[in-house]
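The structure under discussion appears below in the form of structure tokens.
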Amino acid sequence: MTRSTVKINLEAEAILDPTIQPNTAPSFSQSNHILLTGATGFLGAFLLYELLQQTQAKIYCLVRSPNPQAALQKLRDRLRSYNIWQDAFSDRIEAIAGDLSQPLLGLTDAQFQELSDRIDTIYHNGAWVHHTSPYSLLKSTNVNGTQEVIKLACQSKTKPLHFISSISVLQPIKLSDRKLFMSKIHSTPIAFLPAAMLKANGSQNDSSRSFAIAACPFRFTVLEQLQDIARQEFLTRMISFTSSCRAAFS
Ligand SMILES: NC(=O)c1ccc[n+]([C@@H]2O[C@H](COP(=O)([O-])OP(=O)(O)OC[C@H]3O[C@@H](n4cnc5c(N)ncnc54)[C@H](OP(=O)(O)O)[C@@H]3O)[C@@H](O)[C@H]2O)c1
């Protein structure tokens, strides 16, 4: 089998679309309308649960589904599978059928505008998490998707954006330091590039532009009785990762 190597200019990849500009300083006052991505995922389900428990806000969940009804059902099923669903949650959740890999998150112009007018805070946790897929495959969801979320954060009022990724994004690494960069196997550039975009758009001297917060999921609290589930999830990922590696190198 021959392997072709495609050179990717990572520094160019990390440049945020210059048309995306926040017009105002973000407001960090109480949030009544929160957008959460990736709520059907492992981390996202617990994040949704905690947001419902710890705030009074309405939570808007962007879910890959054909319509809002199916999106809500998918959320319900996912939280039920972790024994954290409560029927009362239905009134506090608005499920939005969308797709991170699509322009405007798969929404129409009007839907995107309406959402950006309504939302106060964004938790961007959705991602295509796959340890062996190439950058070219993951880019549309993880990098372009994050750019669309930043666009939403900047449109209308500027919203605080909590970015869930890997702990690696918090370390100061130079994009040009390819060796160090590529050694960060578990995050790969995928996790780092959106963070670079966020950092690039924030300047210490210009408070109106610094709206990003990088959040580290290792600090996220998983309910103690559910830690077994977390272990199982990790184990499933490890098994899948190991079999992908075997397939790739055999
Ligand atoms: N789990 C951990 O221990 C851990 C550790 C370190 C970092 N993280 C980070 O935390 C974040 C979430 O990880 P996770 O483990 O919860 O991943 P996950 O279980 O695979 O969940 C990913 C979520 O993203 C959604 N998603 C994927 N592609 C999408 C698309 N095109 N449009 C809309 N939604 C899409 C998935 O929706 P579907 O249901 O439609 O697939 C799912 O809700 C990632 O950034 C990951 O790197 C997690």
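Every chain in the structure tokens has a letter given in the order shown (A, B, ...), and although residue numbers restart at 1 in each chain, ligands are simply numbered from 1 in the order shown.
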
Could you list, as a ChimeraX atom specification, all the residues within 6 Å of ligand 1, counting only C-alpha atoms and all ligand atoms? /A:38-44,63-64,99-101,125-129,141,164-166,217

List as a ChimeraX atom specification the protein and nucleic acid residues near Thr55 of chain A, meaning an atom at most 12 Å away when only C-alpha atoms are counted, but skip any in the same chain fewer than 2 places from it. /A:30-34,47-53,57-59,92

Please produce a file of the residues just selected, as a compact mmCIF listing (two decimals), in the first residue's frame, where the atoms kept are C-alpha atoms.
# COMPACT_ATOMS: atom_id res chain seq x y z
CA GLN A 30 -26.65 36.15 33.92
CA SER A 31 -27.51 34.00 30.92
CA ASN A 32 -31.13 33.20 30.19
CA HIS A 33 -30.58 31.56 26.82
CA ILE A 34 -27.64 29.19 26.43
CA LEU A 47 -22.90 19.26 30.54
CA LEU A 48 -26.55 19.63 29.57
CA TYR A 49 -27.61 18.00 32.84
CA GLU A 50 -25.39 20.37 34.86
CA LEU A 51 -26.58 23.45 32.98
CA LEU A 52 -30.18 22.43 33.68
CA GLN A 53 -29.38 21.84 37.35
CA ALA A 57 -31.66 29.25 31.63
CA LYS A 58 -33.33 27.77 28.62
CA ILE A 59 -30.84 25.51 26.86
CA ARG A 92 -36.23 23.96 29.46

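Candidate residues A:Trp85, A:Phe28, A:Phe46, A:Phe163 were compared for distance to Gln147 of chain A, and the nearest is A:Phe163, using only C-alpha atoms.
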
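Going from atom CA of Thr146 of chain A over to atom CA of Gln54 of chain A, you cover 25.2 Å.
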
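When atom CA of Ile8 of chain A is paired with atom CA of Gly145 of chain A, their separation reads 18.5 Å.
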
Among segment 40-179 of chain A, which residues carry a DSSP assignment of helix (DSSP H, G or I), reported as a ChimeraX atom specification? /A:42-54,68-81,87-92,103-106,109-118,135-154,167-170,178-179
